[in-house]
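Shown next, in structure tokens, is the structure this report addresses.
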Amino acid sequence: HDLALVLEPGRPGPAITIRRKGVGIFRMTILGNEAHAGAEPENGVNSIVEAAHKILAIQALNDWDAGTIVTPGVVHGGTKPYVVPGRTDLEVDCRVATLAERDRIVAAMQAITAHATVPGTSATLTGGFHRPPMEASETALAHVARMREIAAEVGYPLGAASTGGASDGNLTADAGTPTIDGLGVQGGRAHSPEEWIEIASLEAKCRVLACFLADLASAKR
């Protein structure tokens with residue numbers, strides 16, 4: 001295919017989307033050994049304490065300069081306060097801007113899983129990256145430049161922006177298809193009770209897209 005057009009909401013500006021971060025969700029299960037916390041604590045192996053060490057190591061993977069965001073987001077551990085916790089489950093969200101950072105995070109998560117700070121604990125890791133980074137190719141950027149020219153001509157100038165969120169554009173770009181994303185309605189506060197859309201952008205973005213498609217069709221004649 002020559003080009004993929006993705007009608008996710010536009011970025012603030014208003015702007016279309018030319019780069020998206022890759023997204024990974026990891027799930028780690030840490031096992032220790034349950035025991036009575038008062039009567040036989042010496043027979044217990046605390047999975048929550050081991051999870052705490054792993055969480056700090058995971059948090060240290062963040063690299064703001066590289067655009068890498070790693071968030072330990074969900075933790076479940078233990079059963080009762082008087083029982084040494086034998087199992088803790090951890091979920092981690094990862095956002096990366098490049099394939100190199102994706103590979104670094106995968107290797108680091110595997111190493112953190114394998115290393116035990118608390119003797120007697122073990123851990124397993126599942127999940128991974130389900131969206132690769134969407135990086136703008138030269139062909140995609142050429143199409144973006146033409147779309148921005150057309151947007152200016154029809155009276156709705158558009159910028160070009162990056163975002164940490166993912167879409168189908170991550171997949172089309174990874175497949176080698178030049179991709180322009182964020183061609184949908186403008187708005188803000190996505191995934192919140194205050195989510196809103198700019199009503200005027202419904203007509204304006206449709207006009208930009210229609211004129212761009214007409215321009216593509218004309219060029220192929």
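So you can find residues: chains in the structure tokens are A, B, ... in the order shown, residues in each start at 1, and ligands are numbered from 1 in order.
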
His36 (chain A) environment, 7 Å, only C-alpha atoms, sequence neighbours closer than 5 positions dropped, as number ranges by chain: A: 41, 82-84

Region 139-148 of chain A: which residues within 10 Å, counting only C-alpha atoms, same-chain residues fewer than 5 positions away excluded, as a PDB file with N, CA and C atoms, in the first residue's frame?
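This went into selection-v8.pdb:
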```pdb
ATOM      1  N   ASP A   2       0.350   2.304  -0.610  1.00  0.00           N
ATOM      2  CA  ASP A   2       1.109   3.554  -0.707  1.00  0.00           C
ATOM      3  C   ASP A   2       1.084   4.362   0.583  1.00  0.00           C
ATOM      4  N   LEU A   3      -0.046   4.305   1.300  1.00  0.00           N
ATOM      5  CA  LEU A   3      -0.207   5.202   2.440  1.00  0.00           C
ATOM      6  C   LEU A   3      -1.334   4.700   3.331  1.00  0.00           C
ATOM      7  N   ALA A   4      -1.132   4.823   4.646  1.00  0.00           N
ATOM      8  CA  ALA A   4      -2.187   4.521   5.616  1.00  0.00           C
ATOM      9  C   ALA A   4      -2.619   5.821   6.275  1.00  0.00           C
ATOM     10  N   ALA A  15      -3.038  19.644  15.494  1.00  0.00           N
ATOM     11  CA  ALA A  15      -1.955  18.981  14.769  1.00  0.00           C
ATOM     12  C   ALA A  15      -2.340  17.552  14.434  1.00  0.00           C
ATOM     13  N   ILE A  16      -1.739  17.047  13.362  1.00  0.00           N
ATOM     14  CA  ILE A  16      -1.846  15.632  13.045  1.00  0.00           C
ATOM     15  C   ILE A  16      -0.707  14.905  13.770  1.00  0.00           C
ATOM     16  N   THR A  17      -0.738  13.585  13.753  1.00  0.00           N
ATOM     17  CA  THR A  17       0.230  12.786  14.505  1.00  0.00           C
ATOM     18  C   THR A  17       1.192  12.099  13.550  1.00  0.00           C
ATOM     19  N   ILE A  18       2.479  12.309  13.770  1.00  0.00           N
ATOM     20  CA  ILE A  18       3.478  11.689  12.884  1.00  0.00           C
ATOM     21  C   ILE A  18       4.330  10.647  13.606  1.00  0.00           C
ATOM     22  N   GLU A 153      -4.436  25.862   2.875  1.00  0.00           N
ATOM     23  CA  GLU A 153      -5.218  26.376   1.758  1.00  0.00           C
ATOM     24  C   GLU A 153      -6.722  26.404   2.068  1.00  0.00           C
ATOM     25  N   VAL A 154      -7.208  25.417   2.827  1.00  0.00           N
ATOM     26  CA  VAL A 154      -8.644  25.355   3.118  1.00  0.00           C
ATOM     27  C   VAL A 154      -8.996  26.071   4.418  1.00  0.00           C
ATOM     28  N   TYR A 156      -7.665  25.699   7.629  1.00  0.00           N
ATOM     29  CA  TYR A 156      -7.549  25.034   8.923  1.00  0.00           C
ATOM     30  C   TYR A 156      -6.112  24.523   9.067  1.00  0.00           C
ATOM     31  N   PRO A 157      -5.162  25.427   9.320  1.00  0.00           N
ATOM     32  CA  PRO A 157      -3.748  25.032   9.388  1.00  0.00           C
ATOM     33  C   PRO A 157      -3.515  23.971  10.461  1.00  0.00           C
ATOM     34  N   LEU A 158      -2.663  23.009  10.112  1.00  0.00           N
ATOM     35  CA  LEU A 158      -2.364  21.903  11.015  1.00  0.00           C
ATOM     36  C   LEU A 158      -0.868  21.805  11.264  1.00  0.00           C
ATOM     37  N   GLY A 159      -0.509  21.554  12.508  1.00  0.00           N
ATOM     38  CA  GLY A 159       0.874  21.248  12.842  1.00  0.00           C
ATOM     39  C   GLY A 159       1.118  19.749  12.747  1.00  0.00           C
ATOM     40  N   ALA A 160       2.282  19.318  13.206  1.00  0.00           N
ATOM     41  CA  ALA A 160       2.635  17.899  13.245  1.00  0.00           C
ATOM     42  C   ALA A 160       3.232  17.611  14.606  1.00  0.00           C
ATOM     43  N   ALA A 173       2.704   1.432  10.294  1.00  0.00           N
ATOM     44  CA  ALA A 173       4.060   1.949  10.096  1.00  0.00           C
ATOM     45  C   ALA A 173       5.092   0.829  10.248  1.00  0.00           C
ATOM     46  N   THR A 177       4.367   0.612   5.801  1.00  0.00           N
ATOM     47  CA  THR A 177       3.471   1.499   5.073  1.00  0.00           C
ATOM     48  C   THR A 177       3.577   2.912   5.633  1.00  0.00           C
ATOM     49  N   PRO A 178       3.908   3.905   4.797  1.00  0.00           N
ATOM     50  CA  PRO A 178       3.915   5.293   5.283  1.00  0.00           C
ATOM     51  C   PRO A 178       2.573   5.627   5.917  1.00  0.00           C
ATOM     52  N   THR A 179       2.597   6.284   7.065  1.00  0.00           N
ATOM     53  CA  THR A 179       1.380   6.468   7.856  1.00  0.00           C
ATOM     54  C   THR A 179       1.240   7.914   8.322  1.00  0.00           C
ATOM     55  N   ILE A 180       0.022   8.449   8.159  1.00  0.00           N
ATOM     56  CA  ILE A 180      -0.348   9.729   8.767  1.00  0.00           C
ATOM     57  C   ILE A 180      -1.490   9.449   9.731  1.00  0.00           C
ATOM     58  N   ASP A 181      -1.345   9.894  10.963  1.00  0.00           N
ATOM     59  CA  ASP A 181      -2.300   9.592  12.027  1.00  0.00           C
ATOM     60  C   ASP A 181      -2.875  10.903  12.571  1.00  0.00           C
ATOM     61  N   VAL A 208     -10.187  18.906   5.084  1.00  0.00           N
ATOM     62  CA  VAL A 208      -8.753  18.685   4.839  1.00  0.00           C
ATOM     63  C   VAL A 208      -8.522  17.302   4.251  1.00  0.00           C
ATOM     64  N   LEU A 209      -9.150  16.294   4.847  1.00  0.00           N
ATOM     65  CA  LEU A 209      -8.943  14.925   4.380  1.00  0.00           C
ATOM     66  C   LEU A 209      -9.491  14.734   2.967  1.00  0.00           C
ATOM     67  N   CYS A 211      -9.884  16.982   0.600  1.00  0.00           N
ATOM     68  CA  CYS A 211      -9.030  17.679  -0.367  1.00  0.00           C
ATOM     69  C   CYS A 211      -7.700  16.955  -0.554  1.00  0.00           C
ATOM     70  N   PHE A 212      -7.177  16.375   0.520  1.00  0.00           N
ATOM     71  CA  PHE A 212      -5.936  15.612   0.424  1.00  0.00           C
ATOM     72  C   PHE A 212      -6.129  14.372  -0.440  1.00  0.00           C
ATOM     73  N   LEU A 213      -7.245  13.652  -0.233  1.00  0.00           N
ATOM     74  CA  LEU A 213      -7.533  12.464  -1.041  1.00  0.00           C
ATOM     75  C   LEU A 213      -7.701  12.844  -2.520  1.00  0.00           C
ATOM     76  N   ASP A 215      -6.318  15.322  -3.984  1.00  0.00           N
ATOM     77  CA  ASP A 215      -4.986  15.658  -4.459  1.00  0.00           C
ATOM     78  C   ASP A 215      -4.184  14.393  -4.800  1.00  0.00           C
ATOM     79  N   LEU A 216      -4.306  13.371  -3.941  1.00  0.00           N
ATOM     80  CA  LEU A 216      -3.634  12.097  -4.211  1.00  0.00           C
ATOM     81  C   LEU A 216      -4.159  11.464  -5.501  1.00  0.00           C
TER      82      LEU A 216
END
```

Can I get the residues of region 3-64 of chain A within 9 Å of region 119-136 of chain A, each with the closest pair of atoms and their distance in Å to one decimal, using only C-alpha atoms, sorted chain first then ascending number, as a Markdown table?
```
| residue | atom | partner | partner_atom | distance |
| --- | --- | --- | --- | --- |
| A:Ile18 | CA | A:Ala136 | CA | 5.9 |
| A:Arg19 | CA | A:Met134 | CA | 5.2 |
| A:Arg20 | CA | A:Met134 | CA | 4.8 |
| A:Lys21 | CA | A:Pro133 | CA | 4.6 |
| A:Gly22 | CA | A:Pro133 | CA | 3.7 |
| A:Val23 | CA | A:Arg131 | CA | 5.0 |
| A:Gly24 | CA | A:Phe129 | CA | 3.6 |
| A:Ile25 | CA | A:Gly128 | CA | 5.4 |
| A:Phe26 | CA | A:Gly127 | CA | 4.6 |
| A:Arg27 | CA | A:Thr126 | CA | 5.2 |
| A:Met28 | CA | A:Leu125 | CA | 4.6 |
| A:Thr29 | CA | A:Thr124 | CA | 5.4 |
| A:Ile30 | CA | A:Ala123 | CA | 4.3 |
| A:Leu31 | CA | A:Ser122 | CA | 5.3 |
| A:Gly32 | CA | A:Thr121 | CA | 4.7 |
| A:Asn33 | CA | A:Thr121 | CA | 7.8 |
| A:Val45 | CA | A:Gly120 | CA | 6.4 |
| A:Asn46 | CA | A:Thr121 | CA | 7.8 |
| A:Ser47 | CA | A:Thr121 | CA | 6.6 |
| A:Glu50 | CA | A:Thr121 | CA | 7.2 |
```

Those same residues, written as a PDB file, in the first residue's frame with C-alpha atoms?
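part.pdb, freshly written:
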```pdb
ATOM      1  CA  ILE A  18       3.478  11.689  12.884  1.00  0.00           C
ATOM      2  CA  ARG A  19       5.068   9.645  15.687  1.00  0.00           C
ATOM      3  CA  ARG A  20       3.670   7.422  18.415  1.00  0.00           C
ATOM      4  CA  LYS A  21       5.405   5.546  21.172  1.00  0.00           C
ATOM      5  CA  GLY A  22       5.478   1.783  21.288  1.00  0.00           C
ATOM      6  CA  VAL A  23       3.470   0.256  24.118  1.00  0.00           C
ATOM      7  CA  GLY A  24       4.228  -2.763  26.270  1.00  0.00           C
ATOM      8  CA  ILE A  25       2.364  -4.315  29.198  1.00  0.00           C
ATOM      9  CA  PHE A  26       4.347  -6.697  31.398  1.00  0.00           C
ATOM     10  CA  ARG A  27       3.002  -8.911  34.183  1.00  0.00           C
ATOM     11  CA  MET A  28       5.352 -10.263  36.810  1.00  0.00           C
ATOM     12  CA  THR A  29       4.485 -12.886  39.428  1.00  0.00           C
ATOM     13  CA  ILE A  30       6.791 -13.061  42.466  1.00  0.00           C
ATOM     14  CA  LEU A  31       6.612 -16.148  44.674  1.00  0.00           C
ATOM     15  CA  GLY A  32       7.853 -16.486  48.230  1.00  0.00           C
ATOM     16  CA  ASN A  33       6.542 -18.684  51.033  1.00  0.00           C
ATOM     17  CA  VAL A  45       9.708 -15.677  52.465  1.00  0.00           C
ATOM     18  CA  ASN A  46       8.178 -12.254  51.824  1.00  0.00           C
ATOM     19  CA  SER A  47       7.163 -11.808  48.174  1.00  0.00           C
ATOM     20  CA  GLU A  50      11.061  -8.804  46.818  1.00  0.00           C
TER      21      GLU A  50
END
```

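CA of Thr113 (chain A) to CA of Ala35 (chain A) spans 23.3 Å [interatomic distance, one decimal].
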
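Counting only C-alpha atoms, the residue from A:Gly184, A:Ala60, A:Ala151, A:Gly165 that sits nearest to Val96 (chain A) is A:Gly165.
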
Expected answer as number ranges by chain: alpha helix (DSSP H) residues in region 13-211 of chain A: A: 47-59, 99-114, 138-153, 168-174, 199-211

Could you give me, as a PDB file with N, CA and C atoms, in the first residue's frame, each residue of region 53-153 of chain A that DSSP assigns to strand (DSSP E) when run on this structure's backbone?
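In the end it all went to out33.pdb:
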```pdb
ATOM      1  N   ILE A  69       9.090   5.841  29.110  1.00  0.00           N
ATOM      2  CA  ILE A  69       8.317   5.951  30.342  1.00  0.00           C
ATOM      3  C   ILE A  69       7.936   4.541  30.800  1.00  0.00           C
ATOM      4  N   VAL A  70       8.346   4.191  32.007  1.00  0.00           N
ATOM      5  CA  VAL A  70       8.057   2.877  32.572  1.00  0.00           C
ATOM      6  C   VAL A  70       7.304   3.091  33.876  1.00  0.00           C
ATOM      7  N   THR A  71       6.094   2.528  33.969  1.00  0.00           N
ATOM      8  CA  THR A  71       5.223   2.788  35.105  1.00  0.00           C
ATOM      9  C   THR A  71       4.777   1.494  35.770  1.00  0.00           C
ATOM     10  N   PRO A  72       5.302   1.177  36.950  1.00  0.00           N
ATOM     11  CA  PRO A  72       4.706   0.086  37.731  1.00  0.00           C
ATOM     12  C   PRO A  72       3.320   0.540  38.185  1.00  0.00           C
ATOM     13  N   GLY A  73       2.282  -0.049  37.607  1.00  0.00           N
ATOM     14  CA  GLY A  73       0.952   0.532  37.760  1.00  0.00           C
ATOM     15  C   GLY A  73       0.006  -0.211  38.675  1.00  0.00           C
ATOM     16  N   VAL A  74       0.172  -1.534  38.807  1.00  0.00           N
ATOM     17  CA  VAL A  74      -0.749  -2.322  39.628  1.00  0.00           C
ATOM     18  C   VAL A  74       0.060  -3.328  40.435  1.00  0.00           C
ATOM     19  N   VAL A  75      -0.239  -3.420  41.751  1.00  0.00           N
ATOM     20  CA  VAL A  75       0.421  -4.382  42.626  1.00  0.00           C
ATOM     21  C   VAL A  75      -0.634  -5.070  43.485  1.00  0.00           C
ATOM     22  N   HIS A  76      -0.608  -6.403  43.516  1.00  0.00           N
ATOM     23  CA  HIS A  76      -1.461  -7.185  44.404  1.00  0.00           C
ATOM     24  C   HIS A  76      -0.570  -8.178  45.137  1.00  0.00           C
ATOM     25  N   GLY A  77      -0.629  -8.173  46.475  1.00  0.00           N
ATOM     26  CA  GLY A  77       0.198  -9.111  47.222  1.00  0.00           C
ATOM     27  C   GLY A  77      -0.374  -9.428  48.580  1.00  0.00           C
ATOM     28  N   VAL A  83      -0.060 -12.934  57.839  1.00  0.00           N
ATOM     29  CA  VAL A  83       0.522 -13.998  57.013  1.00  0.00           C
ATOM     30  C   VAL A  83       1.661 -13.416  56.179  1.00  0.00           C
ATOM     31  N   VAL A  84       2.850 -14.020  56.290  1.00  0.00           N
ATOM     32  CA  VAL A  84       3.944 -13.609  55.410  1.00  0.00           C
ATOM     33  C   VAL A  84       3.485 -13.852  53.975  1.00  0.00           C
ATOM     34  N   ARG A  87       2.807 -14.577  47.608  1.00  0.00           N
ATOM     35  CA  ARG A  87       2.675 -14.243  46.182  1.00  0.00           C
ATOM     36  C   ARG A  87       2.348 -12.765  46.017  1.00  0.00           C
ATOM     37  N   THR A  88       3.015 -12.144  45.059  1.00  0.00           N
ATOM     38  CA  THR A  88       2.730 -10.758  44.689  1.00  0.00           C
ATOM     39  C   THR A  88       2.708 -10.658  43.166  1.00  0.00           C
ATOM     40  N   ASP A  89       1.693  -9.989  42.645  1.00  0.00           N
ATOM     41  CA  ASP A  89       1.563  -9.792  41.198  1.00  0.00           C
ATOM     42  C   ASP A  89       1.748  -8.316  40.879  1.00  0.00           C
ATOM     43  N   LEU A  90       2.482  -8.058  39.825  1.00  0.00           N
ATOM     44  CA  LEU A  90       2.849  -6.702  39.431  1.00  0.00           C
ATOM     45  C   LEU A  90       2.575  -6.500  37.948  1.00  0.00           C
ATOM     46  N   GLU A  91       1.965  -5.369  37.592  1.00  0.00           N
ATOM     47  CA  GLU A  91       1.742  -5.011  36.188  1.00  0.00           C
ATOM     48  C   GLU A  91       2.456  -3.704  35.878  1.00  0.00           C
ATOM     49  N   VAL A  92       3.118  -3.671  34.717  1.00  0.00           N
ATOM     50  CA  VAL A  92       3.967  -2.538  34.348  1.00  0.00           C
ATOM     51  C   VAL A  92       3.622  -2.067  32.945  1.00  0.00           C
ATOM     52  N   ASP A  93       3.416  -0.755  32.796  1.00  0.00           N
ATOM     53  CA  ASP A  93       3.188  -0.140  31.485  1.00  0.00           C
ATOM     54  C   ASP A  93       4.493   0.485  30.993  1.00  0.00           C
ATOM     55  N   CYS A  94       4.828   0.251  29.714  1.00  0.00           N
ATOM     56  CA  CYS A  94       6.069   0.783  29.136  1.00  0.00           C
ATOM     57  C   CYS A  94       5.758   1.525  27.844  1.00  0.00           C
ATOM     58  N   ARG A  95       6.370   2.702  27.671  1.00  0.00           N
ATOM     59  CA  ARG A  95       6.223   3.507  26.456  1.00  0.00           C
ATOM     60  C   ARG A  95       7.613   3.867  25.948  1.00  0.00           C
ATOM     61  N   VAL A  96       7.871   3.561  24.678  1.00  0.00           N
ATOM     62  CA  VAL A  96       9.198   3.831  24.107  1.00  0.00           C
ATOM     63  C   VAL A  96       9.056   4.490  22.747  1.00  0.00           C
ATOM     64  N   SER A 122      11.246 -16.340  43.810  1.00  0.00           N
ATOM     65  CA  SER A 122      11.408 -16.557  42.366  1.00  0.00           C
ATOM     66  C   SER A 122      10.354 -15.730  41.657  1.00  0.00           C
ATOM     67  N   ALA A 123      10.548 -15.509  40.366  1.00  0.00           N
ATOM     68  CA  ALA A 123       9.596 -14.679  39.628  1.00  0.00           C
ATOM     69  C   ALA A 123       9.481 -15.159  38.192  1.00  0.00           C
ATOM     70  N   THR A 124       8.317 -14.915  37.609  1.00  0.00           N
ATOM     71  CA  THR A 124       8.081 -15.209  36.191  1.00  0.00           C
ATOM     72  C   THR A 124       7.534 -13.948  35.529  1.00  0.00           C
ATOM     73  N   LEU A 125       7.777 -13.832  34.227  1.00  0.00           N
ATOM     74  CA  LEU A 125       7.378 -12.648  33.459  1.00  0.00           C
ATOM     75  C   LEU A 125       6.572 -13.058  32.249  1.00  0.00           C
ATOM     76  N   THR A 126       5.444 -12.381  32.046  1.00  0.00           N
ATOM     77  CA  THR A 126       4.641 -12.577  30.835  1.00  0.00           C
ATOM     78  C   THR A 126       4.331 -11.210  30.232  1.00  0.00           C
ATOM     79  N   GLY A 127       3.700 -11.228  29.064  1.00  0.00           N
ATOM     80  CA  GLY A 127       3.361  -9.984  28.380  1.00  0.00           C
ATOM     81  C   GLY A 127       4.524  -9.495  27.545  1.00  0.00           C
ATOM     82  N   GLY A 128       4.447  -8.242  27.123  1.00  0.00           N
ATOM     83  CA  GLY A 128       5.479  -7.659  26.277  1.00  0.00           C
ATOM     84  C   GLY A 128       4.910  -6.493  25.490  1.00  0.00           C
ATOM     85  N   PHE A 129       5.615  -6.115  24.426  1.00  0.00           N
ATOM     86  CA  PHE A 129       5.181  -4.987  23.603  1.00  0.00           C
ATOM     87  C   PHE A 129       4.164  -5.460  22.574  1.00  0.00           C
ATOM     88  N   HIS A 130       2.967  -4.861  22.616  1.00  0.00           N
ATOM     89  CA  HIS A 130       1.927  -5.186  21.646  1.00  0.00           C
ATOM     90  C   HIS A 130       1.790  -4.123  20.560  1.00  0.00           C
ATOM     91  N   ARG A 131       2.490  -2.987  20.719  1.00  0.00           N
ATOM     92  CA  ARG A 131       2.550  -1.954  19.693  1.00  0.00           C
ATOM     93  C   ARG A 131       3.999  -1.485  19.565  1.00  0.00           C
TER      94      ARG A 131
END
```

For Val49 (chain A), the nearest of the candidates A:Thr117, A:Ser137, A:Asn62, A:Thr79, counting only C-alpha atoms: A:Thr117

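Put simply, CA of Gly10 (chain A) is 4.9 Å away from CA of Gln186 (chain A).
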
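Checking A:Ala114, A:His1, A:Gly78, A:Thr68 one by one against Arg102 (chain A), counting only C-alpha atoms, you find the shortest gap at A:Thr68.
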
Polymer residues at most 12 Å from Arg189 (chain A), only C-alpha atoms, same-chain spacing of 3 or more positions, as an MDAnalysis selection string: chainID A and resid 9:12 186 192:198

Serialized selection, N, CA and C atoms, as a compact mmCIF listing (two decimals), in the first residue's frame:
```txt
# COMPACT_ATOMS: atom_id res chain seq x y z
N PRO A 9 -8.17 10.80 17.03
CA PRO A 9 -8.25 12.24 17.31
C PRO A 9 -6.92 12.94 17.09
N GLY A 10 -6.99 14.20 16.67
CA GLY A 10 -5.78 14.98 16.43
C GLY A 10 -5.12 15.41 17.73
N ARG A 11 -3.90 15.87 17.62
CA ARG A 11 -3.15 16.37 18.77
C ARG A 11 -3.45 17.86 18.97
N PRO A 12 -3.20 18.37 20.17
CA PRO A 12 -3.41 19.81 20.40
C PRO A 12 -2.59 20.64 19.44
N GLN A 186 -10.58 17.09 16.56
CA GLN A 186 -9.75 17.69 17.60
C GLN A 186 -10.53 17.70 18.92
N SER A 192 -11.08 10.44 29.97
CA SER A 192 -11.46 11.02 31.26
C SER A 192 -12.92 11.45 31.20
N PRO A 193 -13.54 11.70 32.35
CA PRO A 193 -14.94 12.19 32.33
C PRO A 193 -15.07 13.55 31.66
N GLU A 194 -13.95 14.28 31.53
CA GLU A 194 -14.00 15.61 30.91
C GLU A 194 -13.64 15.58 29.42
N GLU A 195 -13.61 14.40 28.81
CA GLU A 195 -13.26 14.32 27.39
C GLU A 195 -14.20 15.19 26.57
N TRP A 196 -13.63 15.91 25.57
CA TRP A 196 -14.44 16.83 24.78
C TRP A 196 -13.93 16.86 23.34
N ILE A 197 -14.78 17.35 22.42
CA ILE A 197 -14.37 17.53 21.03
C ILE A 197 -14.68 18.96 20.60
N GLU A 198 -13.89 19.41 19.65
CA GLU A 198 -14.09 20.72 19.06
C GLU A 198 -15.05 20.55 17.89
```

Among listed residues A:Leu56, A:Ala175, A:Leu61, A:Ala37, nearest Lys80 (chain A) (using only C-alpha atoms): A:Ala37

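Closest approach to Ser162 (chain A) among A:Ala108, A:Ala210, A:Ile48, A:Ala97 is made by A:Ala97 (distances from only C-alpha atoms).
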
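With only C-alpha atoms as the atoms that count, the residue of A:Thr163, A:Ser201, A:Leu171, A:Ala214 with the shortest distance to Ile150 (chain A) is A:Ala214.
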
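Between CA of Gly13 (chain A) and CA of Asp63 (chain A) the separation is 25.9 Å.
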